[in-house]
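Structure first, commentary second.
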There are 2 protein chains.
Amino acid sequence: MPLPWQRATLFAMNEFELIEHYFRGWSGTHPDLILGQGDDCLIWHPLRATVMSIDTAVEGRHFPPQATGAQAAQRAFLPALSDLAAMGAEPAFFTLALTLPSPLDDAWLTDFAIRLRELSELHGLVLAGGDTTSGPGRVISLQMHGLVDAPMRRSGVQPDDDLWVSGFPGRAAAALPAVLNSSAQPPSPDWLAAYWSPQPRIELGQRLVTLASAAIDVSDGLVADSGHLARASGLDLVIDTQRVPQAPSFKGWPQQQVLSWILTGGDDYELAFTAAPRQRDALIALAASLDIPLTRIGRAQAGDGQALIRHNGLPHTLAQTGFQHF
Amino acid sequence: MPLPWQRATLFAMNEFELIEHYFRGWSGTHPDLILGQGDDCLIWHPLRATVMSIDTAVEGRHFPPQATGAQAAQRAFLPALSDLAAMGAEPAFFTLALTLPSPLDDAWLTDFAIRLRELSELHGLVLAGGDTTSGPGRVISLQMHGLVDAPMRRSGVQPDDDLWVSGFPGRAAAALPAVLNSSAQPPSPDWLAAYWSPQPRIELGQRLVTLASAAIDVSDGLVADSGHLARASGLDLVIDTQRVPQAPSFKGWPQQQVLSWILTGGDDYELAFTAAPRQRDALIALAASLDIPLTRIGRAQAGDGQALIRHNGLPHTLAQTGFQHF
């Protein structure tokens, strides 16, 4: 129960009315969801293992203050969903803890809710519960729930595995100056799309379960997240800068800038994963069948659990090569 | 990935270091928790049904700005846990989405984390995952997960069922003036305890599963939450003000004030539940065995799904009787 001095002035509508107005009556059910919104708890009873991840998007930190409600929904929902992709899971449902400043901005919230509903229907997740409260700013926490038989873990890297990455990472990072300042040099449209609407690699993740030894979604940057795989597995992962995939729209940009975007930009939510060399043909075929570029960018080797960079055939660190863009 | 202009100034430590420092290495495991913190998702694989509830506590709204870290942990964790009690569930694990202002207040966060750990160990829940981010204020979202065979729902009320409540509700509401203004008249110590450390009725909830027809935890007030049971069940629930349990520490206070606290105060997180009249003896015995007062305060009857009040034998509304304290 909220403190009384703010309760009366919270919103023109109370929490029940707000949920009823913006977040009820969405389509979609899941056979293992015994009870969804409207009781003290939801009830979930699947036969398979459930994977879950909670993710927060804060205005001014994960999306800029000028973001529309729909853009905020995308920047909250899609990165959260990406964690299910990284485990190879089948999305099932999500819960929403939504904190909004008072007074309520109906236009923003309507835009947010409509886009959240579209995204949840597009990706097949039921909104199964939540909590709405007023607070000092827009804070959106989503817990995603998926089903999986044999989830991929970060700790599965084997010696001599190949390191792969999906898509063309780095474009969301390249878009940032224009995201933060609309008068900045207009970027390529595919950069803005990569930032505002990252594509969680859900189907790819599910297909990788039988091929990959470990996987992670790239949220902190290709080198940083490869480092998470390396650390969890107790091996080094060596990334060859000559192998990293360069988006066609990077053509003409300085190589050092491009490598900085690719190696340290994380907002694209591509998958980085490892697989035994004998899986190369299968992965090339998978890339063709899903129409998603899969690029072999490095290799696992004995070490103390770090991601290393090989640039023009020589070992480098991010600091040495100046790839960091801030 | 956070926006770069704030990333460098976020905290003296990055998110990985922060989690490592404050939230790792806590004791406790659960046999159905296949994988906890440290990967893209946690993995959960029980045989029984899982109940889940997400709850947010915001500074300045669910706890006052002067609350210590420990007090904030209590006001976030215990109400969230109470939702498991209301379903009759056995607590299993929780996830934490924690938003904190920058720069990091180490003393506050240490106090918060220590108390959160104590509470989780006391109640037998593993911290299985989370997300930490900087933001405009303290926002604490917790998702609680429990196991249950036959969860109690709000919709199970039957005609002629008795309405019961546990404990002595209203004391947390009575404490509010002193919570908000430490120079207010010092309340009874048990009132402050009821506010700062509500006791989720976990064991009671589990024992009620075979006795009660419906249950809810009282977070919005006894009348409001009885109204939720009534609405979900399509029956009216009539609360008799002469039957509501009055805490010994209410002695000497004006009856209208006391009834306001009891009927509209929700912060105690007692359970309101319904049961068939044939369960009266079993419930009286249960109250004795758990040493928790259980009081029969009303009855279900045909109606359109409301909680009604009978005061001195006559129907009243909250507005008429002036029980509302703001």
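Letters for chains follow the order of the structure tokens (A, B, ...), residue numbers begin at 1 for each chain, and ligand numbers begin at 1 in the order shown.
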*DSSP says strand (DSSP E) for which residues of segment 204-285 of chain B? Put them as a ChimeraX atom specification?*
/B:214-217,235-240,271-275
Store the residues picked out above in a file with N, CA and C atoms, as an mmCIF file, in the first residue's frame.
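Listed below is the output, result_11.cif:
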data_model
loop_
_atom_site.group_PDB
_atom_site.id
_atom_site.type_symbol
_atom_site.label_atom_id
_atom_site.label_comp_id
_atom_site.auth_asym_id
_atom_site.auth_seq_id
_atom_site.Cartn_x
_atom_site.Cartn_y
_atom_site.Cartn_z
ATOM 1 N N ALA B 214 -10.808 -19.400 -0.631
ATOM 2 C CA ALA B 214 -10.186 -18.289 -1.362
ATOM 3 C C ALA B 214 -9.340 -17.500 -0.366
ATOM 4 N N ALA B 215 -8.328 -16.824 -0.865
ATOM 5 C CA ALA B 215 -7.477 -16.040 0.032
ATOM 6 C C ALA B 215 -6.847 -14.885 -0.729
ATOM 7 N N ILE B 216 -6.466 -13.857 0.034
ATOM 8 C CA ILE B 216 -5.752 -12.701 -0.514
ATOM 9 C C ILE B 216 -4.923 -12.117 0.618
ATOM 10 N N ASP B 217 -3.804 -11.494 0.289
ATOM 11 C CA ASP B 217 -3.095 -10.776 1.352
ATOM 12 C C ASP B 217 -3.569 -9.325 1.350
ATOM 13 N N LEU B 235 -19.681 -12.814 -5.693
ATOM 14 C CA LEU B 235 -20.525 -12.830 -4.494
ATOM 15 C C LEU B 235 -20.198 -11.583 -3.684
ATOM 16 N N ASP B 236 -21.097 -11.206 -2.772
ATOM 17 C CA ASP B 236 -20.759 -10.129 -1.845
ATOM 18 C C ASP B 236 -20.121 -10.718 -0.585
ATOM 19 N N LEU B 237 -19.253 -9.945 0.027
ATOM 20 C CA LEU B 237 -18.706 -10.306 1.338
ATOM 21 C C LEU B 237 -19.094 -9.198 2.313
ATOM 22 N N VAL B 238 -19.736 -9.582 3.391
ATOM 23 C CA VAL B 238 -20.214 -8.608 4.373
ATOM 24 C C VAL B 238 -19.313 -8.669 5.605
ATOM 25 N N ILE B 239 -18.680 -7.537 5.904
ATOM 26 C CA ILE B 239 -17.787 -7.448 7.061
ATOM 27 C C ILE B 239 -18.555 -6.806 8.214
ATOM 28 N N ASP B 240 -18.557 -7.468 9.362
ATOM 29 C CA ASP B 240 -19.243 -6.955 10.551
ATOM 30 C C ASP B 240 -18.228 -6.227 11.432
ATOM 31 N N LEU B 271 -3.613 -12.089 6.113
ATOM 32 C CA LEU B 271 -4.400 -12.801 5.108
ATOM 33 C C LEU B 271 -5.889 -12.636 5.401
ATOM 34 N N ALA B 272 -6.646 -12.325 4.375
ATOM 35 C CA ALA B 272 -8.109 -12.411 4.433
ATOM 36 C C ALA B 272 -8.493 -13.633 3.613
ATOM 37 N N PHE B 273 -9.351 -14.470 4.170
ATOM 38 C CA PHE B 273 -9.695 -15.689 3.442
ATOM 39 C C PHE B 273 -11.113 -16.123 3.772
ATOM 40 N N THR B 274 -11.655 -16.957 2.931
ATOM 41 C CA THR B 274 -12.995 -17.495 3.154
ATOM 42 C C THR B 274 -12.905 -19.003 3.340
ATOM 43 N N ALA B 275 -13.865 -19.541 4.102
ATOM 44 C CA ALA B 275 -13.919 -20.980 4.346
ATOM 45 C C ALA B 275 -15.359 -21.355 4.665
#
_Just list as a PyMOL selection string whatever in segment 60-214 of chain A DSSP marks as alpha helix (DSSP H)._
chain A and resi 69-87+106-123+171-180+189-196+202-208
_Separation of atom CA of Arg153 of chain A from atom CA of Thr295 of chain A in Å_ = 20.0 Å
Near Gly205 of chain A, within 7 Å and counting only C-alpha atoms, which residues show up once chain neighbours fewer than 3 positions away are dropped, as a PDB file with N, CA and C atoms, in the first residue's frame?
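File produced: around-v8.pdb:
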ATOM      1  N   ALA A  85      16.853 -15.860 -26.182  1.00  0.00           N
ATOM      2  CA  ALA A  85      17.529 -16.333 -27.396  1.00  0.00           C
ATOM      3  C   ALA A  85      18.885 -16.936 -27.048  1.00  0.00           C
ATOM      4  N   ALA A  86      19.587 -16.283 -26.122  1.00  0.00           N
ATOM      5  CA  ALA A  86      20.939 -16.729 -25.770  1.00  0.00           C
ATOM      6  C   ALA A  86      20.941 -18.097 -25.100  1.00  0.00           C
ATOM      7  N   MET A  87      19.815 -18.511 -24.517  1.00  0.00           N
ATOM      8  CA  MET A  87      19.732 -19.838 -23.908  1.00  0.00           C
ATOM      9  C   MET A  87      19.138 -20.865 -24.876  1.00  0.00           C
ATOM     10  N   GLY A  88      18.671 -20.409 -26.034  1.00  0.00           N
ATOM     11  CA  GLY A  88      18.022 -21.309 -26.995  1.00  0.00           C
ATOM     12  C   GLY A  88      16.597 -21.638 -26.612  1.00  0.00           C
ATOM     13  N   ARG A 201      17.530 -12.899 -31.469  1.00  0.00           N
ATOM     14  CA  ARG A 201      17.769 -14.037 -32.365  1.00  0.00           C
ATOM     15  C   ARG A 201      17.132 -15.313 -31.811  1.00  0.00           C
ATOM     16  N   ILE A 202      15.815 -15.232 -31.610  1.00  0.00           N
ATOM     17  CA  ILE A 202      15.077 -16.315 -30.964  1.00  0.00           C
ATOM     18  C   ILE A 202      15.159 -17.626 -31.763  1.00  0.00           C
ATOM     19  N   LEU A 208      20.458 -23.339 -32.542  1.00  0.00           N
ATOM     20  CA  LEU A 208      21.853 -23.514 -32.124  1.00  0.00           C
ATOM     21  C   LEU A 208      22.005 -24.547 -31.000  1.00  0.00           C
ATOM     22  N   VAL A 209      20.898 -24.859 -30.324  1.00  0.00           N
ATOM     23  CA  VAL A 209      20.999 -25.710 -29.135  1.00  0.00           C
ATOM     24  C   VAL A 209      21.771 -27.006 -29.413  1.00  0.00           C
TER      25      VAL A 209
END
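In terms of minimum interatomic distance to chain A, B:Asp267 ranks closest within B:Glu203, B:Glu118, B:Asp267, B:Glu20, counting only C-alpha atoms.
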Could you list, with a cut-off of 6 Å and counting only C-alpha atoms, the residues of chain A near chain B, each shown with its nearest atom pair and the distance in Å rounded to one decimal, rows sorted by chain and ascending number, as JSON lines?
{"residue": "A:Met1", "atom": "CA", "partner": "B:Asp220", "partner_atom": "CA", "distance": 5.3}
{"residue": "A:Pro2", "atom": "CA", "partner": "B:His62", "partner_atom": "CA", "distance": 5.0}
{"residue": "A:Leu3", "atom": "CA", "partner": "B:Arg61", "partner_atom": "CA", "distance": 5.3}
{"residue": "A:Asp40", "atom": "CA", "partner": "B:Asp83", "partner_atom": "CA", "distance": 5.3}
{"residue": "A:Cys41", "atom": "CA", "partner": "B:Ser53", "partner_atom": "CA", "distance": 4.7}
{"residue": "A:Leu42", "atom": "CA", "partner": "B:Met52", "partner_atom": "CA", "distance": 5.4}
{"residue": "A:Ile43", "atom": "CA", "partner": "B:Val51", "partner_atom": "CA", "distance": 4.5}
{"residue": "A:Trp44", "atom": "CA", "partner": "B:Thr50", "partner_atom": "CA", "distance": 5.2}
{"residue": "A:His45", "atom": "CA", "partner": "B:Ala49", "partner_atom": "CA", "distance": 4.4}
{"residue": "A:Ala49", "atom": "CA", "partner": "B:His45", "partner_atom": "CA", "distance": 4.4}
{"residue": "A:Thr50", "atom": "CA", "partner": "B:Trp44", "partner_atom": "CA", "distance": 5.2}
{"residue": "A:Val51", "atom": "CA", "partner": "B:Ile43", "partner_atom": "CA", "distance": 4.5}
{"residue": "A:Met52", "atom": "CA", "partner": "B:Cys41", "partner_atom": "CA", "distance": 5.1}
{"residue": "A:Ser53", "atom": "CA", "partner": "B:Cys41", "partner_atom": "CA", "distance": 4.7}
{"residue": "A:Ile54", "atom": "CA", "partner": "B:Gly130", "partner_atom": "CA", "distance": 5.8}
{"residue": "A:Asp55", "atom": "CA", "partner": "B:Asp131", "partner_atom": "CA", "distance": 5.7}
{"residue": "A:Arg61", "atom": "CA", "partner": "B:Leu3", "partner_atom": "CA", "distance": 5.3}
{"residue": "A:His62", "atom": "CA", "partner": "B:Pro2", "partner_atom": "CA", "distance": 5.0}
{"residue": "A:Asp83", "atom": "CA", "partner": "B:Asp40", "partner_atom": "CA", "distance": 5.3}
{"residue": "A:Gly130", "atom": "CA", "partner": "B:Ile54", "partner_atom": "CA", "distance": 5.8}
{"residue": "A:Asp131", "atom": "CA", "partner": "B:Asp55", "partner_atom": "CA", "distance": 5.7}
{"residue": "A:Pro136", "atom": "CA", "partner": "B:Pro136", "partner_atom": "CA", "distance": 6.0}
{"residue": "A:Gly137", "atom": "CA", "partner": "B:Pro136", "partner_atom": "CA", "distance": 6.0}
{"residue": "A:Ser219", "atom": "CA", "partner": "B:Met1", "partner_atom": "CA", "distance": 5.4}
{"residue": "A:Asp220", "atom": "CA", "partner": "B:Met1", "partner_atom": "CA", "distance": 5.3}
{"residue": "A:Gly266", "atom": "CA", "partner": "B:Met1", "partner_atom": "CA", "distance": 5.9}
{"residue": "A:Asp267", "atom": "CA", "partner": "B:Met1", "partner_atom": "CA", "distance": 5.8}
*Long-range neighbours of Leu192 of chain A as a list in words, 12 Å cut-off, only C-alpha atoms, 3 positions minimum in chain*: Gln71, Gly170, Arg171, Ala172, Ala173, Ala174, Ala175, Leu176, Pro177, Ala178, Val179, Leu180, Ser182, Pro186, Pro187, Ser188, Pro189, Tyr195, Trp196, Ser197, Pro198, Ser249, Asp267 and Asp268 of chain A
*Tell me which protein, DNA and RNA residues are within 10 Å of segment 302-304 of chain B, counting only C-alpha atoms, leaving out same-chain ones fewer than 5 positions away, and put them as number ranges by chain.*
B: 158-160, 230-231, 233-237
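Candidate residues A:Ala247, A:Pro277, A:Ser226, A:Trp108 were compared for distance to Pro65 of chain A, and the nearest is A:Trp108, using only C-alpha atoms.
Closest approach to His311 of chain B among B:Leu259, B:Leu122, B:Ala76, B:Ala70 is made by B:Leu259 (distances from only C-alpha atoms).
Between atom CA of Ala92 of chain A and atom CA of Arg115 of chain A the separation is 18.1 Å.
Residue nearest Gln74 of chain A, chosen from A:Pro91, A:Gly252, A:Gly305, A:Pro200 and counting only C-alpha atoms: A:Pro200.
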*Which residue gives the smallest distance to Pro31 of chain B among B:Leu125, B:Ala282, B:Ala72, B:Leu109, with only C-alpha atoms counted?*
B:Leu125
